[in-house]
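The block underneath contains the structure these notes are about, expressed in structure tokens.
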Amino acid sequence: MQLISNTIIAWYIALHSHRSQIASAQTTVGCDPSCPPIGYESDSSHLCPGDIVDTTVASRLHDICHPTTNNNNDDDKLSFDSFKKKGHVTVIANYYTGCEAGRRESGVFAGIAQRIHDRTSGRVNFVSSLKGGGDCSQWAGIYQSDALSLGLNGGVKPSTMPLTVSDGSLDLRDHFFTPPYPHPSYIVLDENLEVTFKSVGPCCGYASYYECTDEVALGLDAMLTDKINEVYNKQMMSTPSTADPSANGAASSTTTAISNQQQPTTVESTNNVCQSTTFSEWSVCSKTCGNGGIQFRYRLNSDESVESQPCPAELAATLPQCEEQCVPEFGNEFHVAVIASDFDSPRDLAFHPTPGIHLGPYSEGRTFHPDQGEELWVVNGFNHSVSIIASLGTEYQTTISRRDRGYYHYMNNITALAFNTVSDAPRNVDQDTFNYFAVCNDNLNDYLGSKESNYFMGPTLYDSDTVNKLGKKNTVNRVGEDCSDPGDQCFFLHADMLHESPACIGIAHDPEVETAYGAVYWAFDTTGDNGGDGGQLVKFDFSQPHGPGSMDHSIASVRRYPEVKLYRDGDHDHSHAGMVVHPEKRMLFVANPGKGNVVAVHIDTGRYSRTAREEYPIFSNPLPSFEYSIYECVEQEEVFASGLTNPSGMALSLDGTRLFVAERGGRILALEVDSGIVLQTIDLEPMGYASIGGLTISPTTGALYFVDMDTNQVVRIDDSRNTDGECVYQSRVDTNFQSTLETAQAQVNLECGENTFSLVRDYSCEVDGTIPNGTLFEQVHTDTGYASDNPDVQSMAGMDEAAALLANRTDCEYGSELNFDALLLGGYYCHLCLPRNQGSSCDAGGACANVAWQGFTCDNEYYVDYEYDENDPSLVISSLHHSKTYPKNSKLELSRGVTYRFTVRSGAGRPVSIGTVPEFSADISQAESSIKSFSPNGGVTNGPILVKVDDSTQGCLYMTSPRAQPIILMVEGTNECPTSNMAPGDDGSSDWDLITPKSSANRLLSLGVYLLYCRQLFSWIYS
């Protein structure tokens, strides 16, 4: 055992010292310039030589952070359409901030850019995509200084090139250098924006800035200059050229400006526009009742254009109280309808944007009707699962539950979920994450209480589309195969996970359309404040999800907003905090249970302050492509609504004018979005609902639904507006205030620049964009293997074979040195140390065996197939666990205390049943015992039969099918079982008769045996 332990330690050291191993030499891992990247040939999102930039991408505007300009209009923004001109060439570079090797090349690129741009009179333009955190203009300035120190551009510091874009949304990267294309990397576009060249830089593969020398980086000059020459000279053949892009020497003293878009310049203001010191008069108060809201005054001043104050007491005193009115979701009267029950502490719910795309017409042996009704998804905190209510509100309504095989990490105490519902985003079909969903987990990564918490926890992302993505493994069976067999039990397989918000109780998808993938989510991190004062808001951009079967977390962006202070419900262990994004106002509403209020955050505000890696040293990946930052100066209304008691669920009306907020204790309030005033309240506590969790609105009917955690129900609120008269309400926003506000906003933004005007901005807020220390990129969860520089180590392709040694680890104690995350990274779904039946989802009493990096098998699971032979058809039983197919005359022994799963794959017309006599019976649904079968004919053709064997189970069971010889299932303690006295055809017929039992009790199973379809699996498997 000591030898094994030492070997394991050696493996850990090797894995975690990967940085130092590659620091002394270049490696070609991840530097193949092939386009598309090898293995991604069918992915249309990769822009390769011969491709033309899509018009949507070319016309998009990007903010240029360097060189700076004082103009405040769209002419100062970069659009690649502006470079689509006769004889023009565009060169784009892909960089990250920090001390990674690409930074060495960035100085070379800046020198090349200025030299060639000047020599071609502005016909060749250069763009840098800069990302990864930090102040964009500060980094760009460093790159230009590096060019000077390298002696490029004739010893003149670049000033107008390259145009540096702050690619915070990763838009340029994901359209031009779609991961996993390496970095640093470059693209050359011709006059038609066609890609003529795409490759990686000479520093690719070096561990850091310090390992790639100036001499190596300068190789970029010849590479790019040659490729630019090729396309430039070809284009200039028909137009006399007056410039040579390869020429060296000092830059020309004059350059031809190509437009504000192409060559921004720094100019001094020559007038007093936006420098006014005089404010307007105070506006009227914003609200027509109650406290009157606020007043504001404004001026044309870019430093501080707005001041606001509470409505003066003397004015508020003249206003009436805010009386409740009537909203259509509640009506003048209301009643509730229980939609479904028997959940397990349901915390949240959401409508699927594309009903049927996950389950299809058939799954797990059950028939579904994807074209009937809506589909509602519910998360269960206690059994760590998702329940899907299919065909909601129709005669076909039914519920099925499933979860992740590694639920103890990926869905541990699942508390919230959110779908990407944006169906019409201008995104590439191979990048769009429409129909994906993310879940939030309220735990500190304690593996269901079996391991000391390590805080390596956050939202998990899934792709729900299985109908259109067969073979993509968005769901898998136990052994990790795509769950395409209609009889298999299916499990979610996560598409990505990030780990920066342990004990998360709320999540919302951001419906933005700027990013290439649309995988942006906002989360309520209850542990965010390092001083112990509550939590904070966190933004997760999964960027390019790593996809099923990978552990690569290197392509993502996580931003913390510590100024948005959030507090959980301190009175209850299990809670939910609603979050919803208003798509037009770009505001995020967050229920703040511990403070009894709702916070409203303007989510497109905030500025980079510093890296989060020092203050929050547990993060998903050490590479520069993983951004982990702290943002400050975010604009928010800290108290959008107050006076609430443990606010929980939240939902937005279909027209976006009403915000619904639930109080855990039973009340639901309808607030006006524009004023925050309560329009109507209903109280459900007298009806028995005193633990309300999530809320959601039907996208079809606009009806309001909620979950109750204690009654385990999903409930719909039905209004009675059709029978009790008209239900209307009046806005509480003063129309004069609204008119003044719109006028002021338009004037200030026109004169002083877009987004200058804000009622809630702290104009005095300043951030200091700190350049991160390179050593901070080395700190990350170093005892599990997540610390490798090589992202392949976190995917199936790069798993270290030495991980097999983990199979022998038995130090499973709560405080042992073994980190259970290492087991998942090492490819273990079944291991002695993993919780609840060694981490497996085997049915009760079953034992698992791990299938490395794929899944697991169960010794109580069998497959049943029909082997057709005209003279002697038979049933064939096989087991993946035992690697065995049983002959047709075999006897299978069953142990008491075990539930056996027989997955039938016999096909239509060949039903299979299990009973206590060796003849097939179609009458099992009439049994007097606790047999439950939902097959219309009593037999199963595609799907599971579960047999629970206990002390009351009869000793001899028979698996039968028409015309086939029965298979004997002999229960433990039985010596012999009689067989049928009549073989097929003995009576002169070619078929077996369907025997109608004289008594259900003497032909079928005892109370201890259950034949179940998946509707009943929930209570057995997930309890």
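Identifiers in the structure tokens: chain A, B, ... in order shown; residue index from 1 per chain; ligand index from 1 in order shown.
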For this session: Name the residues in contact with Tyr517 (chain A) at a cut-off of 8 Å, using only C-alpha atoms, excluding same-chain residues fewer than 5 positions from it; report them as a list in words.
Result: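 In the requested format, the answer is Arg427, Gln431, Asp432, Thr433, Ser543 and Gln544 of chain A.
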Write the residues of the selection above to a file with all heavy atoms, as a PDB file, in the first residue's frame.
ATOM      1  N   ARG A 427     -26.661  34.271 -34.603  1.00  0.00           N
ATOM      2  CA  ARG A 427     -25.483  33.468 -34.265  1.00  0.00           C
ATOM      3  C   ARG A 427     -25.326  32.302 -35.231  1.00  0.00           C
ATOM      4  O   ARG A 427     -26.297  31.802 -35.799  1.00  0.00           O
ATOM      5  CB  ARG A 427     -25.588  32.932 -32.832  1.00  0.00           C
ATOM      6  CG  ARG A 427     -25.537  34.012 -31.771  1.00  0.00           C
ATOM      7  CD  ARG A 427     -25.473  33.432 -30.371  1.00  0.00           C
ATOM      8  NE  ARG A 427     -25.215  34.466 -29.386  1.00  0.00           N
ATOM      9  CZ  ARG A 427     -26.122  34.974 -28.559  1.00  0.00           C
ATOM     10  NH1 ARG A 427     -27.364  34.509 -28.557  1.00  0.00           N
ATOM     11  NH2 ARG A 427     -25.797  35.931 -27.710  1.00  0.00           N
ATOM     12  N   GLN A 431     -22.594  27.545 -33.001  1.00  0.00           N
ATOM     13  CA  GLN A 431     -22.169  28.243 -31.790  1.00  0.00           C
ATOM     14  C   GLN A 431     -23.336  28.580 -30.867  1.00  0.00           C
ATOM     15  O   GLN A 431     -23.153  28.680 -29.660  1.00  0.00           O
ATOM     16  CB  GLN A 431     -21.427  29.537 -32.162  1.00  0.00           C
ATOM     17  CG  GLN A 431     -20.090  29.319 -32.852  1.00  0.00           C
ATOM     18  CD  GLN A 431     -19.422  30.619 -33.232  1.00  0.00           C
ATOM     19  OE1 GLN A 431     -19.986  31.448 -33.943  1.00  0.00           O
ATOM     20  NE2 GLN A 431     -18.199  30.820 -32.763  1.00  0.00           N
ATOM     21  N   ASP A 432     -24.501  28.728 -31.415  1.00  0.00           N
ATOM     22  CA  ASP A 432     -25.660  29.177 -30.640  1.00  0.00           C
ATOM     23  C   ASP A 432     -26.011  28.176 -29.547  1.00  0.00           C
ATOM     24  O   ASP A 432     -26.111  26.971 -29.804  1.00  0.00           O
ATOM     25  CB  ASP A 432     -26.856  29.351 -31.581  1.00  0.00           C
ATOM     26  CG  ASP A 432     -27.952  30.204 -30.969  1.00  0.00           C
ATOM     27  OD1 ASP A 432     -27.863  30.538 -29.777  1.00  0.00           O
ATOM     28  OD2 ASP A 432     -28.909  30.534 -31.700  1.00  0.00           O
ATOM     29  N   THR A 433     -26.199  28.665 -28.311  1.00  0.00           N
ATOM     30  CA  THR A 433     -26.563  27.798 -27.185  1.00  0.00           C
ATOM     31  C   THR A 433     -28.046  27.911 -26.836  1.00  0.00           C
ATOM     32  O   THR A 433     -28.441  27.656 -25.697  1.00  0.00           O
ATOM     33  CB  THR A 433     -25.711  28.119 -25.945  1.00  0.00           C
ATOM     34  OG1 THR A 433     -25.894  29.496 -25.585  1.00  0.00           O
ATOM     35  CG2 THR A 433     -24.245  27.842 -26.197  1.00  0.00           C
ATOM     36  N   SER A 543     -18.615  31.204 -22.564  1.00  0.00           N
ATOM     37  CA  SER A 543     -17.970  31.408 -23.868  1.00  0.00           C
ATOM     38  C   SER A 543     -18.247  30.208 -24.757  1.00  0.00           C
ATOM     39  O   SER A 543     -19.377  29.959 -25.106  1.00  0.00           O
ATOM     40  CB  SER A 543     -16.471  31.658 -23.685  1.00  0.00           C
ATOM     41  OG  SER A 543     -16.257  32.815 -22.921  1.00  0.00           O
ATOM     42  N   GLN A 544     -17.211  29.464 -25.069  1.00  0.00           N
ATOM     43  CA  GLN A 544     -17.418  28.241 -25.850  1.00  0.00           C
ATOM     44  C   GLN A 544     -17.511  27.062 -24.881  1.00  0.00           C
ATOM     45  O   GLN A 544     -16.512  26.647 -24.301  1.00  0.00           O
ATOM     46  CB  GLN A 544     -16.264  28.004 -26.821  1.00  0.00           C
ATOM     47  CG  GLN A 544     -16.480  26.780 -27.703  1.00  0.00           C
ATOM     48  CD  GLN A 544     -15.221  26.391 -28.453  1.00  0.00           C
ATOM     49  OE1 GLN A 544     -14.138  26.358 -27.877  1.00  0.00           O
ATOM     50  NE2 GLN A 544     -15.359  26.110 -29.727  1.00  0.00           N
TER      51      GLN A 544
END
For this session: Extract, using only C-alpha atoms, all DNA, RNA and protein residues at most 10 Å from Leu152 (chain A), discarding same-chain residues fewer than 6 positions from it, and format them as a list in words.
Result: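 Selected residues are Gly107, Val108, Phe109, Ala110, Gly111, Ile112, Gln114, Arg115, Gln144, Asp146, Pro158, Leu218, Asp221, Asn248, Gly249 and Ala250 of chain A.
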C-alpha atoms of the current selection, written as a PDB file, in the first residue's frame:
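What follows is the written file selection06.pdb:
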ATOM      1  CA  GLY A 107       4.954  44.451 -29.347  1.00  0.00           C
ATOM      2  CA  VAL A 108       6.228  43.029 -32.616  1.00  0.00           C
ATOM      3  CA  PHE A 109       2.724  43.254 -34.068  1.00  0.00           C
ATOM      4  CA  ALA A 110       2.419  46.901 -33.024  1.00  0.00           C
ATOM      5  CA  GLY A 111       5.689  47.738 -34.787  1.00  0.00           C
ATOM      6  CA  ILE A 112       4.690  45.885 -37.955  1.00  0.00           C
ATOM      7  CA  GLN A 114       2.503  51.102 -37.755  1.00  0.00           C
ATOM      8  CA  ARG A 115       5.191  50.559 -40.376  1.00  0.00           C
ATOM      9  CA  GLN A 144       3.297  50.010 -28.329  1.00  0.00           C
ATOM     10  CA  ASP A 146       7.345  47.145 -26.392  1.00  0.00           C
ATOM     11  CA  PRO A 158       3.569  53.378 -32.789  1.00  0.00           C
ATOM     12  CA  LEU A 218      10.560  38.782 -34.011  1.00  0.00           C
ATOM     13  CA  ASP A 221       7.663  40.150 -38.667  1.00  0.00           C
ATOM     14  CA  ASN A 248      11.574  49.369 -43.221  1.00  0.00           C
ATOM     15  CA  GLY A 249      12.659  52.674 -41.867  1.00  0.00           C
ATOM     16  CA  ALA A 250      11.026  55.644 -40.241  1.00  0.00           C
TER      17      ALA A 250
END
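Put simply, CA of Ser391 (chain A) is 5.4 Å away from CA of Glu374 (chain A).
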Exercise. Any idea what's packed within 6 Å of region 120-133 of chain A, counting only C-alpha atoms, ignoring anything in its chain fewer than 3 positions away? Could you give it as a list in words?
Worked result: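 Those residues are His88, Val89, Thr90, Val91, Ile92, Ala93, Asn94, Tyr95, Tyr96, Thr97, Ala113, His117, Pro162, Leu163, Thr164, Val165, Ser166, Asp167, Gly168, Ala243, Pro245, Thr255, Thr256 and Glu627 of chain A.
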Kindly export the residues of the current selection with N, CA, C and O atoms, as an mmCIF file, in the first residue's frame.
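Contents of the output file part.cif:
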data_model
loop_
_atom_site.group_PDB
_atom_site.id
_atom_site.type_symbol
_atom_site.label_atom_id
_atom_site.label_comp_id
_atom_site.auth_asym_id
_atom_site.auth_seq_id
_atom_site.Cartn_x
_atom_site.Cartn_y
_atom_site.Cartn_z
ATOM 1 N N HIS A 88 -7.607 47.341 -50.174
ATOM 2 C CA HIS A 88 -7.342 47.337 -48.737
ATOM 3 C C HIS A 88 -7.087 45.929 -48.201
ATOM 4 O O HIS A 88 -7.583 44.930 -48.728
ATOM 5 N N VAL A 89 -6.332 45.878 -47.142
ATOM 6 C CA VAL A 89 -6.016 44.627 -46.438
ATOM 7 C C VAL A 89 -6.237 44.866 -44.946
ATOM 8 O O VAL A 89 -5.924 45.950 -44.431
ATOM 9 N N THR A 90 -6.764 43.857 -44.270
ATOM 10 C CA THR A 90 -6.996 43.946 -42.824
ATOM 11 C C THR A 90 -6.294 42.786 -42.142
ATOM 12 O O THR A 90 -6.409 41.636 -42.580
ATOM 13 N N VAL A 91 -5.589 43.087 -41.060
ATOM 14 C CA VAL A 91 -4.869 42.066 -40.297
ATOM 15 C C VAL A 91 -5.378 42.101 -38.856
ATOM 16 O O VAL A 91 -5.418 43.168 -38.234
ATOM 17 N N ILE A 92 -5.773 40.943 -38.336
ATOM 18 C CA ILE A 92 -6.336 40.869 -36.986
ATOM 19 C C ILE A 92 -5.467 39.950 -36.136
ATOM 20 O O ILE A 92 -5.068 38.863 -36.573
ATOM 21 N N ALA A 93 -5.197 40.409 -34.906
ATOM 22 C CA ALA A 93 -4.402 39.624 -33.954
ATOM 23 C C ALA A 93 -5.269 39.214 -32.773
ATOM 24 O O ALA A 93 -6.154 39.961 -32.344
ATOM 25 N N ASN A 94 -4.973 38.065 -32.226
ATOM 26 C CA ASN A 94 -5.739 37.479 -31.127
ATOM 27 C C ASN A 94 -4.839 37.356 -29.910
ATOM 28 O O ASN A 94 -3.945 36.501 -29.873
ATOM 29 N N TYR A 95 -5.045 38.224 -28.881
ATOM 30 C CA TYR A 95 -4.190 38.256 -27.699
ATOM 31 C C TYR A 95 -5.006 38.184 -26.408
ATOM 32 O O TYR A 95 -6.187 38.542 -26.371
ATOM 33 N N TYR A 96 -4.327 37.739 -25.350
ATOM 34 C CA TYR A 96 -4.857 37.807 -23.987
ATOM 35 C C TYR A 96 -3.926 38.650 -23.144
ATOM 36 O O TYR A 96 -2.719 38.717 -23.401
ATOM 37 N N THR A 97 -4.493 39.286 -22.125
ATOM 38 C CA THR A 97 -3.668 40.053 -21.196
ATOM 39 C C THR A 97 -2.932 39.098 -20.267
ATOM 40 O O THR A 97 -3.206 37.905 -20.213
ATOM 41 N N ALA A 113 2.516 46.831 -37.536
ATOM 42 C CA ALA A 113 1.278 47.513 -37.888
ATOM 43 C C ALA A 113 1.520 48.966 -38.279
ATOM 44 O O ALA A 113 1.032 49.439 -39.315
ATOM 45 N N HIS A 117 1.127 50.169 -42.192
ATOM 46 C CA HIS A 117 -0.002 51.095 -42.357
ATOM 47 C C HIS A 117 0.484 52.417 -42.950
ATOM 48 O O HIS A 117 -0.138 52.968 -43.871
ATOM 49 N N PRO A 162 -1.643 49.399 -33.745
ATOM 50 C CA PRO A 162 -2.893 48.832 -34.255
ATOM 51 C C PRO A 162 -4.102 49.434 -33.524
ATOM 52 O O PRO A 162 -3.961 50.043 -32.466
ATOM 53 N N LEU A 163 -5.283 49.258 -34.106
ATOM 54 C CA LEU A 163 -6.524 49.614 -33.429
ATOM 55 C C LEU A 163 -6.834 48.497 -32.444
ATOM 56 O O LEU A 163 -7.020 47.347 -32.836
ATOM 57 N N THR A 164 -6.859 48.829 -31.168
ATOM 58 C CA THR A 164 -7.056 47.806 -30.142
ATOM 59 C C THR A 164 -8.503 47.812 -29.667
ATOM 60 O O THR A 164 -9.022 48.852 -29.246
ATOM 61 N N VAL A 165 -9.126 46.669 -29.771
ATOM 62 C CA VAL A 165 -10.521 46.505 -29.379
ATOM 63 C C VAL A 165 -10.577 45.773 -28.050
ATOM 64 O O VAL A 165 -9.949 44.714 -27.878
ATOM 65 N N SER A 166 -11.299 46.333 -27.115
ATOM 66 C CA SER A 166 -11.527 45.648 -25.841
ATOM 67 C C SER A 166 -12.572 44.562 -26.073
ATOM 68 O O SER A 166 -13.773 44.819 -26.082
ATOM 69 N N ASP A 167 -12.096 43.355 -26.258
ATOM 70 C CA ASP A 167 -12.965 42.242 -26.663
ATOM 71 C C ASP A 167 -13.538 41.540 -25.438
ATOM 72 O O ASP A 167 -13.431 40.320 -25.287
ATOM 73 N N GLY A 168 -14.146 42.340 -24.557
ATOM 74 C CA GLY A 168 -14.671 41.774 -23.320
ATOM 75 C C GLY A 168 -15.775 40.779 -23.531
ATOM 76 O O GLY A 168 -15.940 39.839 -22.749
ATOM 77 N N ALA A 243 3.126 52.571 -52.406
ATOM 78 C CA ALA A 243 3.704 52.220 -51.108
ATOM 79 C C ALA A 243 4.128 50.776 -51.110
ATOM 80 O O ALA A 243 3.553 49.934 -51.769
ATOM 81 N N PRO A 245 4.633 47.678 -48.566
ATOM 82 C CA PRO A 245 4.359 47.297 -47.174
ATOM 83 C C PRO A 245 5.522 46.638 -46.490
ATOM 84 O O PRO A 245 5.551 46.542 -45.278
ATOM 85 N N THR A 255 0.303 60.805 -42.947
ATOM 86 C CA THR A 255 -0.442 59.630 -43.344
ATOM 87 C C THR A 255 -1.804 60.036 -43.827
ATOM 88 O O THR A 255 -2.351 61.045 -43.399
ATOM 89 N N THR A 256 -2.334 59.226 -44.740
ATOM 90 C CA THR A 256 -3.660 59.492 -45.271
ATOM 91 C C THR A 256 -4.691 58.873 -44.354
ATOM 92 O O THR A 256 -4.737 57.658 -44.204
ATOM 93 N N GLU A 627 -10.697 34.253 -18.049
ATOM 94 C CA GLU A 627 -10.701 35.553 -17.378
ATOM 95 C C GLU A 627 -11.429 35.441 -16.043
ATOM 96 O O GLU A 627 -12.547 34.942 -15.969
#
Problem set entry | Which of A:Asn850, A:Gln295, A:Thr810, A:Thr399 sits closest to Leu832 (chain A) [using only C-alpha atoms] |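 Checking each of A:Asn850, A:Gln295, A:Thr810, A:Thr399 against Leu832 (chain A), counting only C-alpha atoms, the winner is A:Thr810.
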Problem set entry | All strand (DSSP E or B) positions in region 574-775 of chain A, as a PyMOL selection string | chain A and resi 579-582+587-592+597-602+607-611+626-632+635-641+647-652+658-663+667-672+678-683+692-697+704-708+713-719+733
Selection from above, C-alpha atoms, as a JSON list (two decimals), in the first residue's frame, can you write it?
[["chain", "number", "residue", "atom", "x", "y", "z"],
["A", 579, "MET", "CA", -33.32, 36.43, -10.67],
["A", 580, "VAL", "CA", -34.65, 37.76, -13.96],
["A", 581, "VAL", "CA", -33.18, 39.92, -16.73],
["A", 582, "HIS", "CA", -35.37, 42.51, -18.44],
["A", 587, "MET", "CA", -31.71, 45.31, -15.97],
["A", 588, "LEU", "CA", -31.25, 42.33, -13.68],
["A", 589, "PHE", "CA", -33.70, 42.03, -10.81],
["A", 590, "VAL", "CA", -32.46, 39.96, -7.85],
["A", 591, "ALA", "CA", -34.43, 38.81, -4.83],
["A", 592, "ASN", "CA", -32.35, 39.60, -1.75],
["A", 597, "ASN", "CA", -35.71, 43.65, -0.77],
["A", 598, "VAL", "CA", -35.19, 43.46, -4.51],
["A", 599, "VAL", "CA", -32.02, 44.79, -6.12],
["A", 600, "ALA", "CA", -32.01, 46.14, -9.70],
["A", 601, "VAL", "CA", -28.66, 46.05, -11.54],
["A", 602, "HIS", "CA", -27.88, 47.73, -14.84],
["A", 607, "ARG", "CA", -15.60, 48.60, -15.21],
["A", 608, "TYR", "CA", -12.66, 46.29, -14.74],
["A", 609, "SER", "CA", -10.89, 46.91, -11.44],
["A", 610, "ARG", "CA", -8.50, 44.03, -10.83],
["A", 611, "THR", "CA", -7.99, 40.32, -11.17],
["A", 626, "PHE", "CA", -9.85, 32.06, -18.58],
["A", 627, "GLU", "CA", -10.70, 35.55, -17.38],
["A", 628, "TYR", "CA", -11.43, 35.98, -13.67],
["A", 629, "SER", "CA", -11.95, 39.62, -12.76],
["A", 630, "ILE", "CA", -13.48, 42.01, -10.27],
["A", 631, "TYR", "CA", -15.68, 44.74, -11.72],
["A", 632, "GLU", "CA", -16.62, 47.91, -9.87],
["A", 635, "GLU", "CA", -24.90, 51.00, -11.59],
["A", 636, "GLN", "CA", -27.63, 49.60, -9.38],
["A", 637, "GLU", "CA", -30.73, 50.43, -7.39],
["A", 638, "GLU", "CA", -29.81, 48.79, -4.11],
["A", 639, "VAL", "CA", -33.46, 48.91, -3.02],
["A", 640, "PHE", "CA", -35.75, 48.64, -6.02],
["A", 641, "ALA", "CA", -38.48, 47.28, -3.72],
["A", 647, "PRO", "CA", -38.37, 37.20, -1.07],
["A", 648, "SER", "CA", -37.81, 34.08, -3.15],
["A", 649, "GLY", "CA", -39.12, 33.41, -6.66],
["A", 650, "MET", "CA", -39.33, 36.05, -9.35],
["A", 651, "ALA", "CA", -40.83, 36.29, -12.85],
["A", 652, "LEU", "CA", -41.46, 38.95, -15.49],
["A", 658, "ARG", "CA", -44.85, 43.70, -14.26],
["A", 659, "LEU", "CA", -42.39, 41.98, -11.96],
["A", 660, "PHE", "CA", -43.74, 39.19, -9.76],
["A", 661, "VAL", "CA", -41.97, 38.54, -6.47],
["A", 662, "ALA", "CA", -42.84, 35.69, -4.12],
["A", 663, "GLU", "CA", -42.31, 35.74, -0.39],
["A", 667, "ARG", "CA", -47.50, 36.04, -0.57],
["A", 668, "ILE", "CA", -46.89, 36.92, -4.22],
["A", 669, "LEU", "CA", -46.64, 40.59, -5.18],
["A", 670, "ALA", "CA", -47.00, 42.18, -8.61],
["A", 671, "LEU", "CA", -44.71, 45.22, -8.96],
["A", 672, "GLU", "CA", -44.71, 47.80, -11.71],
["A", 678, "VAL", "CA", -46.87, 47.15, -5.63],
["A", 679, "LEU", "CA", -49.84, 46.83, -7.96],
["A", 680, "GLN", "CA", -51.52, 43.80, -6.36],
["A", 681, "THR", "CA", -50.83, 41.16, -3.71],
["A", 682, "ILE", "CA", -52.24, 37.68, -3.20],
["A", 683, "ASP", "CA", -51.76, 35.50, -0.11],
["A", 692, "ILE", "CA", -42.78, 29.12, -2.07],
["A", 693, "GLY", "CA", -39.68, 28.79, -4.23],
["A", 694, "GLY", "CA", -39.35, 29.72, -7.88],
["A", 695, "LEU", "CA", -41.89, 31.50, -10.08],
["A", 696, "THR", "CA", -42.29, 31.34, -13.83],
["A", 697, "ILE", "CA", -44.63, 32.67, -16.50],
["A", 704, "LEU", "CA", -48.10, 32.34, -13.34],
["A", 705, "TYR", "CA", -46.71, 29.09, -11.88],
["A", 706, "PHE", "CA", -44.82, 28.42, -8.65],
["A", 707, "VAL", "CA", -43.26, 25.56, -6.69],
["A", 708, "ASP", "CA", -43.83, 24.95, -3.00],
["A", 713, "GLN", "CA", -46.19, 20.71, -5.67],
["A", 714, "VAL", "CA", -46.21, 22.74, -8.86],
["A", 715, "VAL", "CA", -49.16, 25.14, -8.78],
["A", 716, "ARG", "CA", -50.76, 27.46, -11.33],
["A", 717, "ILE", "CA", -52.56, 30.66, -10.42],
["A", 718, "ASP", "CA", -55.80, 31.04, -12.37],
["A", 719, "ASP", "CA", -57.39, 34.46, -12.58],
["A", 733, "VAL", "CA", -45.09, 56.85, -13.03]]
For this session: Go through A:Ser302, A:Asn468, A:Ser106, A:Thr318 and flag the residue nearest Gly360 (chain A), using only C-alpha atoms for the distances.
Result: A:Asn468
At a cut-off of 12 Å, can you tabulate as a Markdown table every residue of region 458-546 of chain A near region 553-556 of chain A together with its closest atom pair and the distance in Å to one decimal, using only C-alpha atoms and ordering rows by chain then number?
| residue | atom | partner | partner_atom | distance |
| --- | --- | --- | --- | --- |
| A:Thr460 | CA | A:His553 | CA | 11.7 |
| A:Leu461 | CA | A:His553 | CA | 11.9 |
| A:Ala495 | CA | A:His553 | CA | 10.5 |
| A:Asp496 | CA | A:His553 | CA | 7.4 |
| A:Met497 | CA | A:His553 | CA | 7.4 |
| A:Leu498 | CA | A:His553 | CA | 7.1 |
| A:His499 | CA | A:His553 | CA | 9.5 |
| A:Glu500 | CA | A:Ala556 | CA | 11.7 |
| A:Thr515 | CA | A:Ala556 | CA | 11.8 |
| A:Tyr517 | CA | A:Ala556 | CA | 11.2 |
| A:Ala519 | CA | A:Ala556 | CA | 9.8 |
| A:Val520 | CA | A:Ala556 | CA | 9.9 |
| A:Tyr521 | CA | A:Ala556 | CA | 11.8 |
| A:Lys539 | CA | A:Ala556 | CA | 10.8 |
| A:Phe540 | CA | A:Ala556 | CA | 7.8 |
| A:Asp541 | CA | A:Ala556 | CA | 5.8 |
| A:Phe542 | CA | A:Ala556 | CA | 4.8 |
| A:Ser543 | CA | A:Ala556 | CA | 5.1 |
| A:Gln544 | CA | A:Ile555 | CA | 6.3 |
| A:Pro545 | CA | A:Ile555 | CA | 7.7 |
| A:His546 | CA | A:His553 | CA | 6.9 |
Exercise. In terms of the shortest atom-to-atom distance over only C-alpha atoms, which of A:Asp446, A:Glu333, A:Glu100, A:Asp573 is closest to Pro624 (chain A)?
Worked result: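 Nearest to Pro624 (chain A): A:Glu100.
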Exercise. What is the distance, in Å and to one decimal place, between CA of Arg963 (chain A) and CA of Ser874 (chain A)?
Worked result: 7.8 Å
Problem set entry | Close residues, Pro37 (chain A) itself excluded, 9 Å, only C-alpha atoms, min 4 positions apart in chain, as a PyMOL selection string | chain A and resi 32-33+41+46+179-181
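Within 7 Å of Arg405 (chain A), once only C-alpha atoms are used and residues closer than 5 positions along the same chain are dropped, the contacting residues are Phe491, Ser840 and Ser841 of chain A.
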Exercise. Could you pull the residues within 8 Å of region 857-871 of chain A, counting only C-alpha atoms, minus those fewer than 2 positions along the same chain, as a ChimeraX atom specification?
Worked result: /A:478-479,842-843,845-851,855,873-882,898-907,910
Exercise. Which residue out of A:Pro370, A:Gly290, A:Gly753, A:Gly487 has the minimum interatomic distance to Thr941 (chain A) when only C-alpha atoms are used?
Worked result: A:Gly487
